[in-house]
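In what follows, a single structure is set out as C-alpha cells and then discussed.
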Amino acid sequence: GALTYRLAEEVSSTDTSHVRGERLAAWAQFFYGQEGASNELTDSFGLSLGLRVELPADFFVLGRMDRFDHDLETQGGVTWSAIGAFGYRPAPGVAIALDYQGRIFDGRASQHLIGLHMEFHL
C-alpha cells in the first residue's frame, strides 16, 4: 500500500497527476507479504517514508528512509537505507542533484554512495 500527500498551488480536479506549483510531497509505502522458495516462505515487512520540498530559486531537497525485514520470525535480516539529495532545476524538464545513498545490512555491513544525478524530460 502507499499514501501520498501533496501541497500545491493548483491540482486539476479531473486528473490529480497534473500538479502545478507543487511545493511539498510526502509519502509512505508499506509492504507485508511472504518471500522465498515455495516450500520455505517467510513473512516479510517493509516500510518507506519520504519527503520532497521545493525551495526558492528552483532548488529542492529530497529525503527517504527505508526499513525492510526479510524474516519476521527471526532476529536479523533487517536492511536500512537512507537517500538524500540537494538539487537545482536550471530549466523546465532539467534537474541536477548531488545525492547520497547509505545502506546498513543486518546492523553490520554498510554501503555509502555519493553521486551526481542528472535528469532530462523529453
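Residues in the C-alpha cells are numbered from 1 in each chain, the chains being A, B, ... in the order shown, and ligands are numbered from 1 in the order shown.
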Worksheet entry | Non-local contacts of Phe45 of chain A (12 Å; only C-alpha atoms; under 6 positions in same chain excluded) as a ChimeraX atom specification | /A:1,29-35,66-73,77-79
For Glu54 of chain A, work out the shell of residues within 10 Å, counting only C-alpha atoms and skipping chain neighbours fewer than 6 positions away, then give it as a PyMOL selection string.
chain A and resi 21-25+60-62+87-88
Using C-alpha atoms, can you write the selected residues to a file as a compact mmCIF listing (two decimals), in the first residue's frame?
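Final file, part_22.txt:
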# COMPACT_ATOMS: atom_id res chain seq x y z
CA GLY A 21 3.33 24.69 -8.30
CA GLU A 22 3.98 21.64 -6.14
CA ARG A 23 5.94 22.73 -3.06
CA LEU A 24 5.84 19.68 -0.81
CA ALA A 25 5.30 15.97 -1.32
CA PHE A 60 14.85 21.26 -3.93
CA VAL A 61 15.71 18.74 -1.21
CA LEU A 62 14.63 15.13 -1.02
CA GLY A 87 19.23 19.70 -6.35
CA TYR A 88 18.62 22.52 -8.80
Problem - All residues 10 Å or closer to Ala91 of chain A, only C-alpha atoms, same chain fewer than 3 positions away omitted, as JSON, numbers by chain - result: {"A": [58, 88, 94, 95, 120]}
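If you count only C-alpha atoms and ignore residues fewer than 3 places along the chain from Ser110 of chain A, what sits within 10 Å of it is Thr79, Trp80, Ser81, Gly102, Arg103, Ile104, Phe105, Asp106 and Gly107 of chain A.
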Leu49 of chain A surroundings by only C-alpha atoms, 6 Å radius, close-in-sequence under 6 positions cut, as a VMD selection string = chain A and resid 27 to 28 64 to 65
Go ahead and write the residues just picked, N, CA, C and O atoms, as a PDB file, in the first residue's frame.
ATOM      1  N   TRP A  27       5.407  10.881   1.354  1.00  0.00           N
ATOM      2  CA  TRP A  27       4.805   9.599   1.049  1.00  0.00           C
ATOM      3  C   TRP A  27       5.243   8.548   2.060  1.00  0.00           C
ATOM      4  O   TRP A  27       6.273   8.665   2.707  1.00  0.00           O
ATOM      5  N   ALA A  28       4.409   7.537   2.169  1.00  0.00           N
ATOM      6  CA  ALA A  28       4.701   6.360   2.992  1.00  0.00           C
ATOM      7  C   ALA A  28       4.247   5.142   2.214  1.00  0.00           C
ATOM      8  O   ALA A  28       3.154   5.135   1.651  1.00  0.00           O
ATOM      9  N   ARG A  64      14.607  10.199   2.007  1.00  0.00           N
ATOM     10  CA  ARG A  64      13.841   8.957   2.050  1.00  0.00           C
ATOM     11  C   ARG A  64      14.528   7.980   2.994  1.00  0.00           C
ATOM     12  O   ARG A  64      15.760   7.881   2.996  1.00  0.00           O
ATOM     13  N   MET A  65      13.733   7.262   3.799  1.00  0.00           N
ATOM     14  CA  MET A  65      14.247   6.256   4.723  1.00  0.00           C
ATOM     15  C   MET A  65      13.456   4.975   4.510  1.00  0.00           C
ATOM     16  O   MET A  65      12.228   4.987   4.461  1.00  0.00           O
TER      17      MET A  65
END
Write down as a ChimeraX atom specification the residues of chain A whose backbone DSSP state falls under strand (DSSP E).
-> /A:2-7,10-11,19-20,24-35,42-54,59-69,78-91,94-105,109-120
